[in-house]
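Visitor: Before anything else, here's the structure in question.
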Number of protein chains: 2
Amino acid sequence: MSTTPPRQLHLNVNILHSGFVPSAWRLPDSDPAAFTDVQHYVRVARIAEAGKLDAVFLADSAAIIDQIHFRPITALEPTVLLAAIAAATTRIGLIGTASTSYNEPYNIARRFATLDHVSGGRAGWNVVTTADLPSARNFGRDSVPDHAQRYARADEFTTVVKALWDSWEDDAFLGDKAGGRFVDAGKVHPVEHRGEHFAVHGPLNLPRSPQGYPVLVQAGGSADGRELAARHAEAVFSASQSFEEALDYARGLKARAQALGRGPEAVRVLPGLTTIIGATEAQARRRRDELVDGIPWDYSLTRLAGTLGIAPERLKLDQGLPDDLPLPAGGNGNHTFFRATLARGRGLTVRQLIRELAGGGGHRVIVGTPEQIADDIAHWFRHGAADGFNLMPDALPDGLQDFVDGVVPILQRRGLFRSEYAGHTLREHFGLARPPGRGAPHRAAA
Amino acid sequence: MSTTPPRQLHLNVNILHSGFVPSAWRLPDSDPAAFTDVQHYVRVARIAEAGKLDAVFLADSAAIIDQIHFRPITALEPTVLLAAIAAATTRIGLIGTASTSYNEPYNIARRFATLDHVSGGRAGWNVVTTADLPSARNFGRDSVPDHAQRYARADEFTTVVKALWDSWEDDAFLGDKAGGRFVDAGKVHPVEHRGEHFAVHGPLNLPRSPQGYPVLVQAGGSADGRELAARHAEAVFSASQSFEEALDYARGLKARAQALGRGPEAVRVLPGLTTIIGATEAQARRRRDELVDGIPWDYSLTRLAGTLGIAPERLKLDQGLPDDLPLPAGGNGNHTFFRATLARGRGLTVRQLIRELAGGGGHRVIVGTPEQIADDIAHWFRHGAADGFNLMPDALPDGLQDFVDGVVPILQRRGLFRSEYAGHTLREHFGLARPPGRGAPHRAAA
C-alpha cells in the first residue's frame, strides 16, 4: 500500500549579484566585484545546493535600468552564467530569465534546451515581457510596446517554444552503429507555425531534453500576466505583501489553470521573500539598520517615489507620506506594492518607512530570527498562500548561508522541507510531471 | 636587449560532435550520443588544452541542415556549451559561432562578453551570415536574404557589437565601499547607433570584459566575406585546398586589412584541415577506408553532387566525373572546392574520388603519419600560406588525441609551437593586442 507523501515546500533563491538590499555590496564581507564574478555565483549556488533548495533563479534585463553610480546591476547573461554554474553543481535547479519581446522563439528554445542537456535536466525558463524603455531602445524601438501587445506576443512566443521543444519524439534518436541509422527522421516533426508575430518552420535542431522540456516559470502580477501564467507556467514567482492577498492570488491562479484544462498540481506558487536574519530579533534589526544606513537617502527616496508614482520632491524624510496619493499607472503587481507601502507608512515618517521597507523593491521583507522566519514560511505554506518561496536574501552569499544554516534545519525538523534530494531534475524537485511529448503512448482510460 | 620571438603557429580545433568524417560516430570507440553530451565536449577540450592548442571552435546552425537519418548535426547552442567547457578548463580559448542574420546585436554582444567574463578572457565570436533556407524558415522568412544584403547587415551588426563592447571604459567600475560609489557613470557611454538595420542606444549592461572584447573570428570565402574579414576579423577560418591558393588568400586578406588602416599583425589566417593519422601511411589509409566505408554511398553522392552543383543522378559510382561541369552558383569558397574536386577527380572513378575526399566537406584532408602532417603544416606556415590551422579531426576525441600525441611534439621540437601557454587569454595565445577601448590614454608619438 502506498500513502500520499506529505506536501513539501519548494524554495528557490534569487541570486541577484550581491543581494537584494541595494547596499549589500558595501558590507564588510561583500566583494563589490561579485556581480561579474562567476565564482561568486558558483559559491552561492553551492550553498543553495548544500541547503537542498529547489533552484537558483537569475533575474535579467537587457539594459541598465538602475542607478549604477550607487549599486550593482544585472550584468552577466543568465543562460551562459547558468551553464557555468551547472558544471560546478549536480542537483540544484537553474532558472534563467529571458524576454519574449527582444528574442526569437527558435533561439530561446534552443538555448534553454541546451542548458537542460548540459545540466542533466535542471533548466527552467522564466518568461518575461520586459516593460522598460531603456531595453526597448536597445532593440530598435523608441517606446515600449503596450502591455496587451507584449503579452499577446509572449503567449505566441511561449506556444512556439513548447512546440519546438516537442518537435523530436523522445525515442527519435537511434545511434544504431551497425545499421547506420542515426535518427529516425520520421519521429522529428516540423512545427509549421504561422501566427501574428512569428513564422517558424522547425523542427528544433536538438533532440528532446532530459526534462522533456525546461520548467516554465513566470512572474504574473497583472491580469494579462496571470492569464499567461495560468496557460503556461509551472512555477510562478509572485509578489504578495500580505497573507490574504497571497492566498487570494494562489487560489485564483490555480482555479484559472484548472479552468484551462490543466491539473490541480500543474502550478507552484512561490512568492518573493527578502529575509534579514539575526540570532535575536534585535540583531536582525541591527543588520537591517546597517544595510539601510548604507543606502543614500536620495536613492531610497527616488525608489519609494517610483513605487508611489510621484516625483521624489514630494517626499520629505522627516514628514509622513502625502495624504492624496493616487493609484499609480501599471498593473496589479504595482498596485499591490503601492497599497502595502501606504498601509505600512501609517504613522511613520518617510525616513522610518524607508527603514521598515529595508530598501525593498516590491517584495515582502521579514526581519527576524530563524525561528520567526520558519514560522512565517510554515504559516503561509500550511494554509495554501504559498507552495514555497522565491528567496531574495538581503546579501549574498552570507544572507543565504544564514538561511541554510538557520531556517532550513527548522523546516526539515518540522517535516516541511526535504533533507535530501529525491530526484535529479528540477521537475523532480518541484514534483512536476515530465511532459509526455509527441508520439508518447497515451494511457488507456481507467 | 630584446630579440623578436620566433613567429609561432596557432592551432584551433573544430570540435564538431563526433568528428568531421560523416561516419565518425560509427567507429568502435565512438559514442553515438556524443553530439548532445557535455562530457564529450569537455573531454575533447581537455585534450586540446593538454596539447597547448589555442582554442576550441564550435560551428553552428539554427536549423537541421544535414541528413539526420544518417549522421549527427550541430545541436547544442555554442555559447551555453562553451560556458560549461570554460568551467572545466583553464587556458584553452573558446570560439563560438553566432549568426548576424538571426540575432540582435545587443544580445550577441552581451552573451559573448559574458562568456569572456565567465572564462577569464578566453572567448571568441565567429561571425557568420547563415546562407541556408531551413534557417531562414525558422526566423519568419520564406527565402534566404541575398548575399550582399546579409553581408551589409553583418558589417553593421559587428560594428554595433564592438561599440557596445567598448561602451564601458576599462576603469569605469569603482567598487568604492567607503564612498558608496559603485561605478563612475561618466565612464559608461551610450552608443546611440542608428543605421540601416539597427537602432541601438546602449550602453551594454556589462562592464568591459577581460580581453577588452572577445576575439573576432570570421570565415570569409566570398568577396563580401573577405571584405568583412579585412574590416573586423582578428582570426580567419579559411578554406584553401592548395598551397598556392592559400598563399594568395593570406596575402590578399592581409594587404586589404592594412589598406583599411589595420596593422600587419592584425589578422591570423587559419585554413581548415582535416587530418586522418596513422603510425604508417598504410595505417592512415586503412583508417580512411574504414571511415569512408561507413558512409552510405547515396549520402556521399548527394554531397559530391552538391559540391559540383549538379543532380546526384548525374554521378555514376564506377565512371569518371561528367566532362561538362559548369561552375556552380555561390561564392569563391564554393568555386575553390569545386575546382579542387575536379582536379582531384582526374583519372578516378566517382567511387575512387569519394574515397580520396574522405567525406570532406570543403576543407583539405591529409591522410598520413604524424611526421608527414607536421611537414605539411610547417611548409604552409613557414612560407606564409597559413598562420596556423583550424583542425578538423576525422573523429573525436581520438583523432585529436592522435594529433596531440603525434603531431604536436614534432612541431614543438621544431620550435614552431608552444610547449606551454605564455598567457591566460585567447588574445595572448593568438598574440593579438588588447583593444585599448574608450578613454584609454593614447601613447605619445615617438
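Just so we're on the same page: first chain in the C-alpha cells is A, next is B, and so on; residues restart at 1 for each chain, and ligands are numbered from 1 in the order they show up.
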Counting only C-alpha atoms, collect the residues of chain A whose closest atom lies at most 6 Å from chain B, and write them out as a PyMOL selection string.
Guide: chain A and resi 26+32+38+63-64+68-71+75-77+80+83-84+87+111+114+118+137-140+175+177+181-185+198-202+205-206
Visitor: Do a neighbour search on Ala229 of chain B at 9 Å with only C-alpha atoms, toss out local chain neighbours closer than 5 positions, and write the hits as a list of chain:residue names.
Guide: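 The filter keeps B:Val217, B:Gln218, B:Ala219, B:Gly220, B:Asp224, B:Glu234, B:Ala235, B:Val236, B:Leu253, B:Ala257, B:Val267.
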Visitor: Looking at only C-alpha atoms, which of A:Val365, A:Leu270, A:Ala340, A:Ala152 is the one that sits closest to Ala386 of chain A?
Guide: A:Leu270
Visitor: Name the residues of segment 27-194 of chain A that come out as alpha helix (DSSP H) in a backbone DSSP run; write them as a PyMOL selection string.
Guide: chain A and resi 38-50+78-87+105-118+133-136+147-165
Visitor: With only C-alpha atoms as the basis for distance, which of B:Asp398, B:Asp66, B:Asp166, B:Glu428 is at the shortest distance from Asp132 of chain B?
Guide: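 Residue with the minimum atom-to-atom distance to Asp132 of chain B: B:Asp66.
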Visitor: What lies within 10 Å of Leu325 of chain A using only C-alpha atoms, ignoring chain neighbours under 6 positions off, as a ChimeraX atom specification?
Guide: /A:308-310,338,342
Visitor: Taking all heavy atoms for each residue, export the selection above as a PDB file, in the first residue's frame.
Guide:
```pdb
ATOM      1  N   LEU A 308       5.330  54.861  -5.431  1.00  0.00           N
ATOM      2  CA  LEU A 308       4.117  55.646  -5.196  1.00  0.00           C
ATOM      3  C   LEU A 308       3.658  56.382  -6.442  1.00  0.00           C
ATOM      4  O   LEU A 308       2.569  56.972  -6.459  1.00  0.00           O
ATOM      5  CB  LEU A 308       4.366  56.635  -4.055  1.00  0.00           C
ATOM      6  CG  LEU A 308       4.754  55.985  -2.703  1.00  0.00           C
ATOM      7  CD1 LEU A 308       5.188  57.046  -1.704  1.00  0.00           C
ATOM      8  CD2 LEU A 308       3.585  55.156  -2.151  1.00  0.00           C
ATOM      9  N   GLY A 309       4.486  56.372  -7.485  1.00  0.00           N
ATOM     10  CA  GLY A 309       4.106  57.026  -8.737  1.00  0.00           C
ATOM     11  C   GLY A 309       4.095  58.547  -8.648  1.00  0.00           C
ATOM     12  O   GLY A 309       3.276  59.211  -9.284  1.00  0.00           O
ATOM     13  N   ILE A 310       4.993  59.110  -7.822  1.00  0.00           N
ATOM     14  CA  ILE A 310       5.054  60.572  -7.681  1.00  0.00           C
ATOM     15  C   ILE A 310       6.504  61.043  -7.863  1.00  0.00           C
ATOM     16  O   ILE A 310       7.432  60.235  -7.902  1.00  0.00           O
ATOM     17  CB  ILE A 310       4.545  61.043  -6.295  1.00  0.00           C
ATOM     18  CG1 ILE A 310       5.393  60.390  -5.184  1.00  0.00           C
ATOM     19  CG2 ILE A 310       3.066  60.708  -6.121  1.00  0.00           C
ATOM     20  CD1 ILE A 310       5.067  60.894  -3.785  1.00  0.00           C
ATOM     21  N   PHE A 338       2.006  49.301  -3.943  1.00  0.00           N
ATOM     22  CA  PHE A 338       1.582  50.649  -3.590  1.00  0.00           C
ATOM     23  C   PHE A 338       0.712  50.619  -2.340  1.00  0.00           C
ATOM     24  O   PHE A 338       0.955  51.325  -1.355  1.00  0.00           O
ATOM     25  CB  PHE A 338       0.823  51.251  -4.780  1.00  0.00           C
ATOM     26  CG  PHE A 338       0.130  52.551  -4.496  1.00  0.00           C
ATOM     27  CD1 PHE A 338       0.839  53.747  -4.489  1.00  0.00           C
ATOM     28  CD2 PHE A 338      -1.243  52.590  -4.255  1.00  0.00           C
ATOM     29  CE1 PHE A 338       0.191  54.955  -4.239  1.00  0.00           C
ATOM     30  CE2 PHE A 338      -1.897  53.792  -4.009  1.00  0.00           C
ATOM     31  CZ  PHE A 338      -1.182  54.973  -4.001  1.00  0.00           C
ATOM     32  N   LEU A 342       1.560  52.095   1.425  1.00  0.00           N
ATOM     33  CA  LEU A 342       0.701  53.065   2.119  1.00  0.00           C
ATOM     34  C   LEU A 342       0.327  52.555   3.506  1.00  0.00           C
ATOM     35  O   LEU A 342       0.407  53.278   4.509  1.00  0.00           O
ATOM     36  CB  LEU A 342      -0.584  53.299   1.327  1.00  0.00           C
ATOM     37  CG  LEU A 342      -0.540  54.245   0.136  1.00  0.00           C
ATOM     38  CD1 LEU A 342      -1.960  54.676  -0.229  1.00  0.00           C
ATOM     39  CD2 LEU A 342       0.310  55.475   0.444  1.00  0.00           C
TER      40      LEU A 342
END
```
Visitor: Taking 3 positions as the minimum chain separation for residues in the same chain, which residues sit within 6 Å of Asn12 of chain A when counting only C-alpha atoms? Answer as number ranges by chain.
Guide: A: 54-56, 390-391
Visitor: Could you save the residues just selected, with C-alpha atoms, as an mmCIF file, in the first residue's frame?
Guide:
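Dumped everything to selection14.cif:
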```
data_model
loop_
_atom_site.group_PDB
_atom_site.id
_atom_site.type_symbol
_atom_site.label_atom_id
_atom_site.label_comp_id
_atom_site.auth_asym_id
_atom_site.auth_seq_id
_atom_site.Cartn_x
_atom_site.Cartn_y
_atom_site.Cartn_z
ATOM 1 C CA ASP A 54 14.998 23.526 -5.447
ATOM 2 C CA ALA A 55 16.721 26.053 -7.689
ATOM 3 C CA VAL A 56 18.739 29.189 -8.141
ATOM 4 C CA ASN A 390 11.479 32.606 -4.072
ATOM 5 C CA LEU A 391 14.052 33.717 -1.512
#
```
Visitor: Skip Ala45 of chain B itself and residues of its chain fewer than 3 positions away, then list as JSON, numbers by chain all residues within 9 Å of it, counting only C-alpha atoms.
Guide: {"B": [13, 15, 40, 41, 42, 48, 49, 50, 55, 56, 85, 88, 89, 92]}
Visitor: Taking only C-alpha atoms into account, name the residue in B:Gly51, B:Leu317, B:Arg256, B:Gly221 that is nearest to Gln401 of chain B.
Guide: B:Gly51
Visitor: Quick one: residues within 9 Å of Arg418 of chain A, only C-alpha atoms, excluding same-chain residues fewer than 2 positions away - as a PDB file with N, CA, C and O atoms, in the first residue's frame?
Guide:
```
ATOM      1  N   GLN A   8       5.277  19.111   0.236  1.00  0.00           N
ATOM      2  CA  GLN A   8       6.580  19.659   0.603  1.00  0.00           C
ATOM      3  C   GLN A   8       6.742  21.079   0.076  1.00  0.00           C
ATOM      4  O   GLN A   8       6.262  21.411  -1.002  1.00  0.00           O
ATOM      5  N   LEU A   9       7.433  21.853   0.882  1.00  0.00           N
ATOM      6  CA  LEU A   9       7.807  23.218   0.486  1.00  0.00           C
ATOM      7  C   LEU A   9       8.779  23.214  -0.695  1.00  0.00           C
ATOM      8  O   LEU A   9       9.592  22.296  -0.815  1.00  0.00           O
ATOM      9  N   LYS A  52      19.779  22.014   0.034  1.00  0.00           N
ATOM     10  CA  LYS A  52      18.759  21.198  -0.655  1.00  0.00           C
ATOM     11  C   LYS A  52      17.645  22.044  -1.271  1.00  0.00           C
ATOM     12  O   LYS A  52      16.507  21.567  -1.445  1.00  0.00           O
ATOM     13  N   LEU A  53      17.950  23.287  -1.604  1.00  0.00           N
ATOM     14  CA  LEU A  53      16.949  24.137  -2.252  1.00  0.00           C
ATOM     15  C   LEU A  53      16.603  23.580  -3.632  1.00  0.00           C
ATOM     16  O   LEU A  53      17.347  22.806  -4.220  1.00  0.00           O
ATOM     17  N   LEU A 411      12.804  23.935   9.236  1.00  0.00           N
ATOM     18  CA  LEU A 411      11.786  23.455   8.294  1.00  0.00           C
ATOM     19  C   LEU A 411      11.913  21.944   8.102  1.00  0.00           C
ATOM     20  O   LEU A 411      10.905  21.236   7.974  1.00  0.00           O
ATOM     21  N   GLN A 412      13.137  21.449   8.097  1.00  0.00           N
ATOM     22  CA  GLN A 412      13.351  20.000   7.953  1.00  0.00           C
ATOM     23  C   GLN A 412      12.824  19.255   9.179  1.00  0.00           C
ATOM     24  O   GLN A 412      12.125  18.244   9.047  1.00  0.00           O
ATOM     25  N   GLY A 415       9.282  18.639   9.165  1.00  0.00           N
ATOM     26  CA  GLY A 415       8.786  17.771   8.087  1.00  0.00           C
ATOM     27  C   GLY A 415       8.262  18.521   6.882  1.00  0.00           C
ATOM     28  O   GLY A 415       7.534  17.961   6.058  1.00  0.00           O
ATOM     29  N   LEU A 416       8.631  19.790   6.776  1.00  0.00           N
ATOM     30  CA  LEU A 416       8.111  20.603   5.672  1.00  0.00           C
ATOM     31  C   LEU A 416       9.054  20.650   4.477  1.00  0.00           C
ATOM     32  O   LEU A 416       8.638  21.018   3.378  1.00  0.00           O
ATOM     33  N   GLU A 420      17.117  15.534   1.835  1.00  0.00           N
ATOM     34  CA  GLU A 420      17.968  15.097   0.729  1.00  0.00           C
ATOM     35  C   GLU A 420      17.143  15.194  -0.543  1.00  0.00           C
ATOM     36  O   GLU A 420      15.918  15.077  -0.495  1.00  0.00           O
ATOM     37  N   TYR A 421      17.804  15.439  -1.674  1.00  0.00           N
ATOM     38  CA  TYR A 421      17.084  15.448  -2.946  1.00  0.00           C
ATOM     39  C   TYR A 421      16.581  14.038  -3.252  1.00  0.00           C
ATOM     40  O   TYR A 421      17.321  13.072  -3.107  1.00  0.00           O
ATOM     41  N   ALA A 422      15.320  13.953  -3.654  1.00  0.00           N
ATOM     42  CA  ALA A 422      14.769  12.644  -4.040  1.00  0.00           C
ATOM     43  C   ALA A 422      15.054  12.359  -5.512  1.00  0.00           C
ATOM     44  O   ALA A 422      15.108  11.202  -5.928  1.00  0.00           O
TER      45      ALA A 422
END
```
Visitor: Just how far from atom CA of Val215 of chain B is atom CA of Lys254 of chain B, in Å to one decimal?
Guide: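 Pair atom CA of Lys254 of chain B / atom CA of Val215 of chain B returns 17.0 Å.
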Visitor: Check segment 233-373 of chain A with DSSP on the backbone and list each residue it calls strand (DSSP E or B), as a list in words.
Guide: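 Checking each residue of segment 233-373 of chain A, the strand (DSSP E or B) ones are Ala235, Val236, Phe237, Ser238, Arg268, Val269, Leu270, Pro271, Gly272, Leu273, Thr274, Thr275, Ile276, Ile277, Arg364, Val365, Ile366, Val367 and Gly368 of chain A.
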Visitor: Which residue out of B:Arg382, B:Gly406, B:Phe237, B:Glu227 has the minimum interatomic distance to Arg7 of chain B when only C-alpha atoms are used?
Guide: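 For Arg7 of chain B, the nearest of the candidates is B:Arg382.
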